[in-house]
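Structure file model_24.cif (mmCIF, N, CA and C atoms) is printed below.
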```
data_my_file
loop_
_atom_site.label_atom_id
_atom_site.label_comp_id
_atom_site.auth_asym_id
_atom_site.auth_seq_id
_atom_site.Cartn_x
_atom_site.Cartn_y
_atom_site.Cartn_z
N MET A 1 130.39 140.08 81.96
CA MET A 1 129.33 139.12 82.22
C MET A 1 129.96 137.87 82.84
N THR A 2 129.35 137.41 83.88
CA THR A 2 129.87 136.25 84.59
C THR A 2 129.12 135.01 84.11
N ALA A 3 129.88 134.05 83.72
CA ALA A 3 129.27 132.80 83.27
C ALA A 3 129.09 131.88 84.47
N VAL A 4 127.95 131.32 84.54
CA VAL A 4 127.67 130.37 85.62
C VAL A 4 127.87 128.98 85.06
N LEU A 5 128.76 128.28 85.68
CA LEU A 5 129.02 126.92 85.25
C LEU A 5 128.18 125.95 86.07
N HIS A 6 127.56 125.08 85.39
CA HIS A 6 126.77 124.05 86.07
C HIS A 6 127.54 122.76 86.02
N GLN A 7 127.67 122.18 87.18
CA GLN A 7 128.33 120.89 87.22
C GLN A 7 127.36 119.85 86.69
N GLN A 8 127.78 119.15 85.70
CA GLN A 8 126.90 118.14 85.12
C GLN A 8 127.16 116.79 85.77
N THR A 9 126.08 116.14 86.07
CA THR A 9 126.22 114.80 86.62
C THR A 9 126.21 113.82 85.46
N PRO A 10 126.94 112.76 85.57
CA PRO A 10 126.96 111.80 84.47
C PRO A 10 125.57 111.21 84.26
N VAL A 11 125.25 110.99 83.03
CA VAL A 11 123.95 110.41 82.70
C VAL A 11 123.98 108.94 83.11
N PRO A 12 123.03 108.55 83.95
CA PRO A 12 123.04 107.15 84.40
C PRO A 12 122.61 106.23 83.27
N PRO A 13 123.05 105.00 83.35
CA PRO A 13 122.51 104.04 82.38
C PRO A 13 121.01 103.95 82.62
N SER A 14 120.32 103.48 81.67
CA SER A 14 118.87 103.39 81.77
C SER A 14 118.46 102.72 83.08
N LEU A 15 117.56 103.38 83.78
CA LEU A 15 117.07 102.80 85.03
C LEU A 15 116.31 101.49 84.78
N TRP A 16 115.80 101.36 83.58
CA TRP A 16 115.05 100.15 83.25
C TRP A 16 115.95 98.93 83.23
N ARG A 17 117.26 99.15 83.15
CA ARG A 17 118.18 98.03 83.16
C ARG A 17 118.48 97.53 84.57
N ALA A 18 118.05 98.27 85.57
CA ALA A 18 118.24 97.83 86.95
C ALA A 18 117.45 96.53 87.14
N PRO A 19 118.10 95.48 87.58
CA PRO A 19 117.41 94.19 87.72
C PRO A 19 116.17 94.30 88.60
N GLY A 20 115.05 93.91 88.06
CA GLY A 20 113.81 93.88 88.81
C GLY A 20 112.97 95.14 88.74
N LEU A 21 113.54 96.27 88.29
CA LEU A 21 112.78 97.52 88.30
C LEU A 21 111.64 97.50 87.29
N GLY A 22 111.88 96.95 86.12
CA GLY A 22 110.81 96.86 85.12
C GLY A 22 109.66 95.99 85.60
N ALA A 23 110.00 94.88 86.23
CA ALA A 23 108.96 93.98 86.76
C ALA A 23 108.19 94.66 87.89
N LEU A 24 108.92 95.39 88.74
CA LEU A 24 108.25 96.10 89.83
C LEU A 24 107.31 97.16 89.29
N PHE A 25 107.76 97.92 88.29
CA PHE A 25 106.92 98.94 87.68
C PHE A 25 105.66 98.31 87.08
N THR A 26 105.84 97.22 86.36
CA THR A 26 104.70 96.54 85.74
C THR A 26 103.72 96.03 86.80
N ALA A 27 104.26 95.41 87.84
CA ALA A 27 103.40 94.87 88.90
C ALA A 27 102.66 95.97 89.64
N SER A 28 103.37 97.05 89.97
CA SER A 28 102.72 98.12 90.73
C SER A 28 101.68 98.85 89.90
N THR A 29 101.98 99.07 88.64
CA THR A 29 101.00 99.75 87.77
C THR A 29 99.77 98.89 87.57
N THR A 30 99.97 97.62 87.32
CA THR A 30 98.85 96.70 87.13
C THR A 30 98.01 96.59 88.39
N ALA A 31 98.66 96.47 89.54
CA ALA A 31 97.93 96.36 90.80
C ALA A 31 97.13 97.62 91.09
N ARG A 32 97.71 98.78 90.83
CA ARG A 32 97.00 100.04 91.10
C ARG A 32 95.82 100.22 90.17
N LEU A 33 95.99 99.87 88.90
CA LEU A 33 94.87 99.94 87.96
C LEU A 33 93.76 98.99 88.37
N ALA A 34 94.13 97.78 88.75
CA ALA A 34 93.13 96.80 89.18
C ALA A 34 92.41 97.27 90.43
N ASN A 35 93.14 97.88 91.34
CA ASN A 35 92.54 98.38 92.58
C ASN A 35 91.49 99.46 92.28
N GLU A 36 91.84 100.38 91.42
CA GLU A 36 90.89 101.45 91.07
C GLU A 36 89.70 100.90 90.30
N ALA A 37 89.95 99.96 89.40
CA ALA A 37 88.86 99.35 88.64
C ALA A 37 87.93 98.56 89.56
N ALA A 38 88.50 97.93 90.57
CA ALA A 38 87.68 97.15 91.51
C ALA A 38 86.72 98.06 92.27
N ARG A 39 87.16 99.27 92.61
CA ARG A 39 86.27 100.21 93.31
C ARG A 39 85.07 100.57 92.45
N VAL A 40 85.33 100.86 91.20
CA VAL A 40 84.24 101.19 90.28
C VAL A 40 83.34 99.98 90.08
N ALA A 41 83.95 98.82 89.90
CA ALA A 41 83.17 97.60 89.70
C ALA A 41 82.29 97.29 90.91
N MET A 42 82.82 97.54 92.12
CA MET A 42 82.01 97.26 93.32
C MET A 42 80.79 98.17 93.38
N VAL A 43 80.95 99.43 93.05
CA VAL A 43 79.80 100.35 93.04
C VAL A 43 78.76 99.85 92.04
N LEU A 44 79.21 99.51 90.84
CA LEU A 44 78.27 99.03 89.83
C LEU A 44 77.61 97.72 90.24
N LEU A 45 78.37 96.83 90.86
CA LEU A 45 77.83 95.56 91.33
C LEU A 45 76.75 95.78 92.39
N VAL A 46 77.07 96.61 93.37
CA VAL A 46 76.11 96.88 94.45
C VAL A 46 74.85 97.54 93.90
N LEU A 47 75.02 98.50 93.01
CA LEU A 47 73.85 99.15 92.41
C LEU A 47 73.01 98.16 91.61
N ASP A 48 73.67 97.30 90.85
CA ASP A 48 72.95 96.34 90.02
C ASP A 48 72.20 95.32 90.86
N ARG A 49 72.86 94.80 91.89
CA ARG A 49 72.25 93.71 92.66
C ARG A 49 71.32 94.16 93.77
N THR A 50 71.51 95.38 94.27
CA THR A 50 70.67 95.83 95.39
C THR A 50 69.80 97.02 95.03
N GLY A 51 70.21 97.78 94.02
CA GLY A 51 69.46 98.99 93.67
C GLY A 51 69.59 100.08 94.71
N SER A 52 70.57 99.98 95.59
CA SER A 52 70.72 100.92 96.70
C SER A 52 71.93 101.83 96.50
N PRO A 53 71.69 103.09 96.12
CA PRO A 53 72.80 104.04 96.03
C PRO A 53 73.46 104.27 97.40
N ALA A 54 72.67 104.20 98.46
CA ALA A 54 73.22 104.40 99.81
C ALA A 54 74.22 103.29 100.14
N LEU A 55 73.88 102.06 99.84
CA LEU A 55 74.81 100.95 100.11
C LEU A 55 76.04 101.07 99.21
N ALA A 56 75.85 101.46 97.96
CA ALA A 56 76.99 101.62 97.04
C ALA A 56 77.95 102.69 97.58
N GLY A 57 77.41 103.79 98.07
CA GLY A 57 78.25 104.83 98.66
C GLY A 57 78.95 104.37 99.92
N THR A 58 78.26 103.58 100.72
CA THR A 58 78.85 103.05 101.95
C THR A 58 79.99 102.09 101.62
N VAL A 59 79.82 101.30 100.57
CA VAL A 59 80.88 100.37 100.14
C VAL A 59 82.12 101.15 99.72
N VAL A 60 81.94 102.23 98.97
CA VAL A 60 83.09 103.04 98.55
C VAL A 60 83.79 103.64 99.78
N GLY A 61 83.00 104.14 100.71
CA GLY A 61 83.58 104.68 101.94
C GLY A 61 84.30 103.61 102.73
N ALA A 62 83.72 102.43 102.78
CA ALA A 62 84.33 101.32 103.52
C ALA A 62 85.62 100.86 102.85
N LEU A 63 85.71 100.98 101.55
CA LEU A 63 86.94 100.62 100.84
C LEU A 63 88.05 101.63 101.12
N ALA A 64 87.68 102.89 101.36
CA ALA A 64 88.68 103.96 101.56
C ALA A 64 89.07 104.16 103.02
N LEU A 65 88.14 103.99 103.92
CA LEU A 65 88.35 104.33 105.33
C LEU A 65 89.51 103.61 106.02
N PRO A 66 89.66 102.31 105.88
CA PRO A 66 90.72 101.62 106.62
C PRO A 66 92.13 102.12 106.29
N ALA A 67 92.33 102.63 105.09
CA ALA A 67 93.66 103.11 104.70
C ALA A 67 94.13 104.26 105.58
N LEU A 68 93.21 105.00 106.14
CA LEU A 68 93.60 106.09 107.04
C LEU A 68 94.31 105.57 108.28
N VAL A 69 93.91 104.40 108.72
CA VAL A 69 94.51 103.80 109.92
C VAL A 69 95.66 102.87 109.54
N THR A 70 95.42 102.01 108.57
CA THR A 70 96.42 101.00 108.24
C THR A 70 97.59 101.55 107.44
N GLY A 71 97.41 102.64 106.72
CA GLY A 71 98.48 103.20 105.90
C GLY A 71 99.75 103.48 106.68
N PRO A 72 99.69 104.32 107.70
CA PRO A 72 100.91 104.61 108.46
C PRO A 72 101.48 103.37 109.17
N VAL A 73 100.61 102.53 109.68
CA VAL A 73 101.07 101.33 110.40
C VAL A 73 101.75 100.36 109.44
N LEU A 74 101.10 100.08 108.32
CA LEU A 74 101.70 99.17 107.34
C LEU A 74 102.97 99.75 106.73
N GLY A 75 102.98 101.05 106.48
CA GLY A 75 104.17 101.69 105.93
C GLY A 75 105.37 101.57 106.85
N ALA A 76 105.15 101.84 108.12
CA ALA A 76 106.24 101.73 109.09
C ALA A 76 106.71 100.29 109.21
N TRP A 77 105.78 99.36 109.22
CA TRP A 77 106.14 97.96 109.34
C TRP A 77 106.88 97.47 108.09
N LEU A 78 106.40 97.87 106.89
CA LEU A 78 107.05 97.45 105.66
C LEU A 78 108.49 97.97 105.57
N ASP A 79 108.73 99.15 106.14
CA ASP A 79 110.09 99.70 106.14
C ASP A 79 111.03 98.89 107.01
N ARG A 80 110.50 98.14 107.95
CA ARG A 80 111.34 97.41 108.90
C ARG A 80 111.40 95.90 108.68
N THR A 81 110.48 95.37 107.91
CA THR A 81 110.43 93.92 107.76
C THR A 81 111.35 93.43 106.65
N ASP A 82 111.82 92.23 106.82
CA ASP A 82 112.63 91.58 105.79
C ASP A 82 111.77 90.71 104.88
N HIS A 83 110.47 90.70 105.12
CA HIS A 83 109.58 89.81 104.40
C HIS A 83 108.61 90.58 103.50
N ARG A 84 109.10 91.62 102.86
CA ARG A 84 108.22 92.47 102.03
C ARG A 84 107.54 91.69 100.92
N ARG A 85 108.28 90.84 100.26
CA ARG A 85 107.70 90.10 99.13
C ARG A 85 106.50 89.29 99.59
N TRP A 86 106.61 88.63 100.73
CA TRP A 86 105.50 87.83 101.24
C TRP A 86 104.32 88.69 101.67
N VAL A 87 104.62 89.88 102.15
CA VAL A 87 103.54 90.82 102.51
C VAL A 87 102.74 91.18 101.27
N PHE A 88 103.44 91.45 100.17
CA PHE A 88 102.74 91.80 98.93
C PHE A 88 101.93 90.64 98.40
N VAL A 89 102.48 89.45 98.47
CA VAL A 89 101.75 88.26 98.02
C VAL A 89 100.51 88.05 98.89
N ALA A 90 100.70 88.11 100.21
CA ALA A 90 99.56 87.93 101.13
C ALA A 90 98.51 89.01 100.91
N ASN A 91 98.95 90.22 100.68
CA ASN A 91 98.03 91.34 100.43
C ASN A 91 97.17 91.07 99.20
N GLN A 92 97.81 90.61 98.13
CA GLN A 92 97.07 90.36 96.89
C GLN A 92 96.12 89.17 97.06
N VAL A 93 96.56 88.14 97.76
CA VAL A 93 95.69 86.98 97.99
C VAL A 93 94.49 87.38 98.85
N LEU A 94 94.74 88.17 99.89
CA LEU A 94 93.64 88.66 100.74
C LEU A 94 92.65 89.48 99.93
N LEU A 95 93.17 90.40 99.12
CA LEU A 95 92.29 91.24 98.31
C LEU A 95 91.49 90.41 97.32
N LEU A 96 92.13 89.47 96.68
CA LEU A 96 91.42 88.60 95.73
C LEU A 96 90.32 87.82 96.44
N GLY A 97 90.63 87.26 97.59
CA GLY A 97 89.62 86.50 98.34
C GLY A 97 88.44 87.35 98.77
N VAL A 98 88.73 88.54 99.24
CA VAL A 98 87.65 89.44 99.69
C VAL A 98 86.79 89.88 98.50
N LEU A 99 87.43 90.21 97.39
CA LEU A 99 86.66 90.63 96.21
C LEU A 99 85.80 89.49 95.68
N LEU A 100 86.32 88.27 95.70
CA LEU A 100 85.51 87.12 95.28
C LEU A 100 84.34 86.90 96.24
N ALA A 101 84.60 87.07 97.52
CA ALA A 101 83.51 86.94 98.51
C ALA A 101 82.45 88.02 98.28
N LEU A 102 82.90 89.24 98.02
CA LEU A 102 81.94 90.32 97.73
C LEU A 102 81.11 90.00 96.50
N LEU A 103 81.77 89.47 95.49
CA LEU A 103 81.06 89.09 94.27
C LEU A 103 80.00 88.02 94.57
N ALA A 104 80.34 87.10 95.45
CA ALA A 104 79.43 86.00 95.76
C ALA A 104 78.25 86.43 96.63
N VAL A 105 78.48 87.35 97.58
CA VAL A 105 77.42 87.62 98.56
C VAL A 105 76.62 88.90 98.29
N THR A 106 77.13 89.79 97.47
CA THR A 106 76.41 91.05 97.23
C THR A 106 75.06 90.77 96.58
N GLY A 107 74.03 91.26 97.21
CA GLY A 107 72.68 91.06 96.72
C GLY A 107 71.94 89.94 97.42
N THR A 108 72.67 89.05 98.10
CA THR A 108 72.02 87.95 98.81
C THR A 108 72.25 88.02 100.31
N ALA A 109 73.42 88.47 100.72
CA ALA A 109 73.74 88.58 102.15
C ALA A 109 73.23 89.93 102.67
N PRO A 110 73.09 90.04 103.99
CA PRO A 110 72.70 91.32 104.56
C PRO A 110 73.71 92.41 104.21
N SER A 111 73.25 93.64 104.16
CA SER A 111 74.11 94.77 103.79
C SER A 111 75.34 94.89 104.67
N TYR A 112 75.20 94.61 105.97
CA TYR A 112 76.36 94.76 106.86
C TYR A 112 77.50 93.81 106.48
N VAL A 113 77.18 92.64 105.91
CA VAL A 113 78.22 91.71 105.48
C VAL A 113 79.00 92.32 104.32
N VAL A 114 78.31 92.95 103.39
CA VAL A 114 78.95 93.61 102.25
C VAL A 114 79.85 94.74 102.74
N VAL A 115 79.37 95.51 103.70
CA VAL A 115 80.17 96.62 104.23
C VAL A 115 81.39 96.09 104.98
N LEU A 116 81.23 95.05 105.79
CA LEU A 116 82.37 94.48 106.51
C LEU A 116 83.43 93.92 105.56
N LEU A 117 82.98 93.25 104.51
CA LEU A 117 83.94 92.75 103.52
C LEU A 117 84.64 93.91 102.81
N SER A 118 83.91 94.98 102.55
CA SER A 118 84.51 96.16 101.92
C SER A 118 85.56 96.79 102.83
N LEU A 119 85.28 96.82 104.13
CA LEU A 119 86.28 97.32 105.09
C LEU A 119 87.54 96.46 105.05
N LEU A 120 87.36 95.16 104.98
CA LEU A 120 88.51 94.25 104.91
C LEU A 120 89.31 94.47 103.62
N ALA A 121 88.61 94.67 102.52
CA ALA A 121 89.31 94.97 101.25
C ALA A 121 90.07 96.28 101.36
N GLY A 122 89.52 97.25 102.07
CA GLY A 122 90.17 98.54 102.22
C GLY A 122 91.47 98.48 103.00
N VAL A 123 91.62 97.48 103.84
CA VAL A 123 92.86 97.31 104.61
C VAL A 123 94.04 97.08 103.66
N THR A 124 93.79 96.51 102.50
CA THR A 124 94.87 96.18 101.57
C THR A 124 95.35 97.37 100.74
N ALA A 125 94.60 98.45 100.72
CA ALA A 125 94.91 99.59 99.84
C ALA A 125 96.29 100.21 100.04
N PRO A 126 96.76 100.43 101.27
CA PRO A 126 98.07 101.08 101.42
C PRO A 126 99.22 100.30 100.80
N VAL A 127 99.15 98.99 100.83
CA VAL A 127 100.22 98.21 100.21
C VAL A 127 100.17 98.40 98.70
N LEU A 128 98.97 98.49 98.15
CA LEU A 128 98.84 98.68 96.70
C LEU A 128 99.25 100.09 96.27
N THR A 129 98.92 101.08 97.04
CA THR A 129 99.15 102.45 96.59
C THR A 129 100.52 102.98 96.96
N GLY A 130 101.00 102.70 98.13
CA GLY A 130 102.28 103.24 98.55
C GLY A 130 103.36 102.23 98.81
N GLY A 131 102.97 101.02 99.09
CA GLY A 131 103.93 100.00 99.48
C GLY A 131 104.94 99.66 98.40
N PHE A 132 104.52 99.69 97.14
CA PHE A 132 105.44 99.36 96.06
C PHE A 132 106.62 100.33 96.00
N THR A 133 106.39 101.57 96.35
CA THR A 133 107.45 102.57 96.31
C THR A 133 108.59 102.19 97.24
N GLY A 134 108.28 101.57 98.33
CA GLY A 134 109.30 101.14 99.27
C GLY A 134 110.19 100.02 98.76
N LEU A 135 109.81 99.41 97.65
CA LEU A 135 110.61 98.34 97.07
C LEU A 135 111.65 98.86 96.08
N ILE A 136 111.62 100.14 95.75
CA ILE A 136 112.54 100.70 94.77
C ILE A 136 113.98 100.81 95.30
N PRO A 137 114.22 101.30 96.52
CA PRO A 137 115.60 101.51 96.97
C PRO A 137 116.54 100.32 96.84
N PRO A 138 116.12 99.10 97.13
CA PRO A 138 117.08 97.99 96.96
C PRO A 138 117.44 97.70 95.50
N LEU A 139 116.65 98.22 94.56
CA LEU A 139 116.86 97.91 93.15
C LEU A 139 117.70 98.96 92.40
N VAL A 140 117.79 100.16 92.96
CA VAL A 140 118.40 101.28 92.24
C VAL A 140 119.59 101.82 93.03
N PRO A 141 120.70 102.13 92.35
CA PRO A 141 121.83 102.74 93.06
C PRO A 141 121.42 104.07 93.70
N ALA A 142 121.97 104.34 94.87
CA ALA A 142 121.58 105.51 95.66
C ALA A 142 121.61 106.83 94.87
N PRO A 143 122.61 107.10 94.02
CA PRO A 143 122.61 108.38 93.32
C PRO A 143 121.43 108.55 92.35
N HIS A 144 120.80 107.46 91.94
CA HIS A 144 119.72 107.53 90.97
C HIS A 144 118.35 107.28 91.59
N LEU A 145 118.33 107.20 92.90
CA LEU A 145 117.09 106.87 93.60
C LEU A 145 116.00 107.91 93.38
N ARG A 146 116.35 109.17 93.44
CA ARG A 146 115.34 110.22 93.27
C ARG A 146 114.67 110.12 91.90
N ARG A 147 115.46 109.90 90.89
CA ARG A 147 114.91 109.78 89.54
C ARG A 147 114.01 108.56 89.41
N ALA A 148 114.41 107.48 90.06
CA ALA A 148 113.64 106.24 89.99
C ALA A 148 112.31 106.43 90.66
#
```

The structure in this file should be written as structure tokens.
Amino acid sequence: MTAVLHQQTPVPPSLWRAPGLGALFTASTTARLANEAARVAMVLLVLDRTGSPALAGTVVGALALPALVTGPVLGAWLDRTDHRRWVFVANQVLLLGVLLALLAVTGTAPSYVVVLLSLLAGVTAPVLTGGFTGLIPPLVPAPHLRRA
């Protein structure tokens, strides 16, 4: 019988000890949860204030649609820019502003304004969903990147 020897790789120190990785994980998880909760909240807000399931569905579509276009563009740009941190800050500020505007105008402004604001909020989704992953490589040693 032939024994197969497996080369064992040394167990890395805890990835959580990598400076900044815990904070990045916390920020990305919180942002993603907030993003998903905002989608549900927008549907409920539109239904409550307008009584229109059609508008609520359009808002959800408008929140999702821009990511199809902006996702690849923002991803490629984030991979090349030295200003990632500012992009994330600007993204969160833009999203907060748009969501506050939606809260203020839903039910009083024309439906197209609500849909346009939803489209603008949707532009921010790729940074929230995939952009954080691009911040991991500078924080983790290359041999442990896959695990991270």

Point to revise | Distance query range 66-68 of chain A at most 8 Å, all atoms listed in the file, self and fewer than 5 positions along chain excluded, as a VMD selection string | key: chain A and resid 61 73 118 to 127

Exercise for review: Specify as an NGL selection string each residue included when the PyMOL selection byres ((chain A and resi 128) around 8) is applied to this file.
Suggested key: :A and (28 or 31-32 or 35 or 88 or 91-92 or 123-127 or 129-133)

Just-selected residues, N, CA and C atoms written as an mmCIF file, in the coordinates of the input:
```
data_model
loop_
_atom_site.group_PDB
_atom_site.id
_atom_site.type_symbol
_atom_site.label_atom_id
_atom_site.label_comp_id
_atom_site.auth_asym_id
_atom_site.auth_seq_id
_atom_site.Cartn_x
_atom_site.Cartn_y
_atom_site.Cartn_z
ATOM 1 N N SER A 28 103.370 97.050 89.970
ATOM 2 C CA SER A 28 102.720 98.120 90.730
ATOM 3 C C SER A 28 101.680 98.850 89.900
ATOM 4 N N ALA A 31 98.660 96.470 89.540
ATOM 5 C CA ALA A 31 97.930 96.360 90.800
ATOM 6 C C ALA A 31 97.130 97.620 91.090
ATOM 7 N N ARG A 32 97.710 98.780 90.830
ATOM 8 C CA ARG A 32 97.000 100.040 91.100
ATOM 9 C C ARG A 32 95.820 100.220 90.170
ATOM 10 N N ASN A 35 93.140 97.880 91.340
ATOM 11 C CA ASN A 35 92.540 98.380 92.580
ATOM 12 C C ASN A 35 91.490 99.460 92.280
ATOM 13 N N PHE A 88 103.440 91.450 100.170
ATOM 14 C CA PHE A 88 102.740 91.800 98.930
ATOM 15 C C PHE A 88 101.930 90.640 98.400
ATOM 16 N N ASN A 91 98.950 90.220 100.680
ATOM 17 C CA ASN A 91 98.030 91.340 100.430
ATOM 18 C C ASN A 91 97.170 91.070 99.200
ATOM 19 N N GLN A 92 97.810 90.610 98.130
ATOM 20 C CA GLN A 92 97.070 90.360 96.890
ATOM 21 C C GLN A 92 96.120 89.170 97.060
ATOM 22 N N VAL A 123 91.620 97.480 103.840
ATOM 23 C CA VAL A 123 92.860 97.310 104.610
ATOM 24 C C VAL A 123 94.040 97.080 103.660
ATOM 25 N N THR A 124 93.790 96.510 102.500
ATOM 26 C CA THR A 124 94.870 96.180 101.570
ATOM 27 C C THR A 124 95.350 97.370 100.740
ATOM 28 N N ALA A 125 94.600 98.450 100.720
ATOM 29 C CA ALA A 125 94.910 99.590 99.840
ATOM 30 C C ALA A 125 96.290 100.210 100.040
ATOM 31 N N PRO A 126 96.760 100.430 101.270
ATOM 32 C CA PRO A 126 98.070 101.080 101.420
ATOM 33 C C PRO A 126 99.220 100.300 100.800
ATOM 34 N N VAL A 127 99.150 98.990 100.830
ATOM 35 C CA VAL A 127 100.220 98.210 100.210
ATOM 36 C C VAL A 127 100.170 98.400 98.700
ATOM 37 N N THR A 129 98.920 101.080 97.040
ATOM 38 C CA THR A 129 99.150 102.450 96.590
ATOM 39 C C THR A 129 100.520 102.980 96.960
ATOM 40 N N GLY A 130 101.000 102.700 98.130
ATOM 41 C CA GLY A 130 102.280 103.240 98.550
ATOM 42 C C GLY A 130 103.360 102.230 98.810
ATOM 43 N N GLY A 131 102.970 101.020 99.090
ATOM 44 C CA GLY A 131 103.930 100.000 99.480
ATOM 45 C C GLY A 131 104.940 99.660 98.400
ATOM 46 N N PHE A 132 104.520 99.690 97.140
ATOM 47 C CA PHE A 132 105.440 99.360 96.060
ATOM 48 C C PHE A 132 106.620 100.330 96.000
ATOM 49 N N THR A 133 106.390 101.570 96.350
ATOM 50 C CA THR A 133 107.450 102.570 96.310
ATOM 51 C C THR A 133 108.590 102.190 97.240
#
```

Review point. What residues in chain A get the DSSP label helix (DSSP H, G or I)? Please answer as a ChimeraX atom specification.
Key: /A:15-17,21-50,53-64,66-80,84-105,111-123,125-129,131-135,142-144

Check your understanding: the PyMOL selection byres (((chain A and resi 97-109 and name CA) around 8) and name CA) on the file shown: which residues, as a list in words?
Key -> Leu45, Val46, Arg49, Thr50, Val93, Leu94, Leu95, Leu96, Pro110, Ser111, Val113, Val114, Leu117, Ser118, Leu120 and Ala121 of chain A

Generate a file of the selected residues that holds N, CA and C atoms, formatted as an mmCIF file, in the coordinates of the input.
```cif
data_model
loop_
_atom_site.group_PDB
_atom_site.id
_atom_site.type_symbol
_atom_site.label_atom_id
_atom_site.label_comp_id
_atom_site.auth_asym_id
_atom_site.auth_seq_id
_atom_site.Cartn_x
_atom_site.Cartn_y
_atom_site.Cartn_z
ATOM 1 N N LEU A 45 78.370 96.830 90.860
ATOM 2 C CA LEU A 45 77.830 95.560 91.330
ATOM 3 C C LEU A 45 76.750 95.780 92.390
ATOM 4 N N VAL A 46 77.070 96.610 93.370
ATOM 5 C CA VAL A 46 76.110 96.880 94.450
ATOM 6 C C VAL A 46 74.850 97.540 93.900
ATOM 7 N N ARG A 49 72.860 94.800 91.890
ATOM 8 C CA ARG A 49 72.250 93.710 92.660
ATOM 9 C C ARG A 49 71.320 94.160 93.770
ATOM 10 N N THR A 50 71.510 95.380 94.270
ATOM 11 C CA THR A 50 70.670 95.830 95.390
ATOM 12 C C THR A 50 69.800 97.020 95.030
ATOM 13 N N VAL A 93 96.560 88.140 97.760
ATOM 14 C CA VAL A 93 95.690 86.980 97.990
ATOM 15 C C VAL A 93 94.490 87.380 98.850
ATOM 16 N N LEU A 94 94.740 88.170 99.890
ATOM 17 C CA LEU A 94 93.640 88.660 100.740
ATOM 18 C C LEU A 94 92.650 89.480 99.930
ATOM 19 N N LEU A 95 93.170 90.400 99.120
ATOM 20 C CA LEU A 95 92.290 91.240 98.310
ATOM 21 C C LEU A 95 91.490 90.410 97.320
ATOM 22 N N LEU A 96 92.130 89.470 96.680
ATOM 23 C CA LEU A 96 91.420 88.600 95.730
ATOM 24 C C LEU A 96 90.320 87.820 96.440
ATOM 25 N N PRO A 110 73.090 90.040 103.990
ATOM 26 C CA PRO A 110 72.700 91.320 104.560
ATOM 27 C C PRO A 110 73.710 92.410 104.210
ATOM 28 N N SER A 111 73.250 93.640 104.160
ATOM 29 C CA SER A 111 74.110 94.770 103.790
ATOM 30 C C SER A 111 75.340 94.890 104.670
ATOM 31 N N VAL A 113 77.180 92.640 105.910
ATOM 32 C CA VAL A 113 78.220 91.710 105.480
ATOM 33 C C VAL A 113 79.000 92.320 104.320
ATOM 34 N N VAL A 114 78.310 92.950 103.390
ATOM 35 C CA VAL A 114 78.950 93.610 102.250
ATOM 36 C C VAL A 114 79.850 94.740 102.740
ATOM 37 N N LEU A 117 82.980 93.250 104.510
ATOM 38 C CA LEU A 117 83.940 92.750 103.520
ATOM 39 C C LEU A 117 84.640 93.910 102.810
ATOM 40 N N SER A 118 83.910 94.980 102.550
ATOM 41 C CA SER A 118 84.510 96.160 101.920
ATOM 42 C C SER A 118 85.560 96.790 102.830
ATOM 43 N N LEU A 120 87.360 95.160 104.980
ATOM 44 C CA LEU A 120 88.510 94.250 104.910
ATOM 45 C C LEU A 120 89.310 94.470 103.620
ATOM 46 N N ALA A 121 88.610 94.670 102.520
ATOM 47 C CA ALA A 121 89.310 94.970 101.250
ATOM 48 C C ALA A 121 90.070 96.280 101.360
#
```

Check your understanding: Written as a ChimeraX atom specification, which residues does the PyMOL selection byres ((chain A and resi 59) around 8) give for the file shown?
Key -> /A:39,42-43,53-58,60-65,114-119

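CA of Gly22 in chain A is positioned 11.3 Å from CA of Val140 in chain A.
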
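In this model, the gap between atom N of Pro137 in chain A and CA of Phe25 in chain A comes to 11.7 Å.
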
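Using only C-alpha atoms, the smallest distance between any of A:Arg147, A:Ala142, A:Ala18, A:Leu135 and Asp79 in chain A comes from A:Leu135.
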
Revision key, fill the gap. Between CA of Leu33 in chain A and atom C of Val89 in chain A lies a distance of 17.1 Å
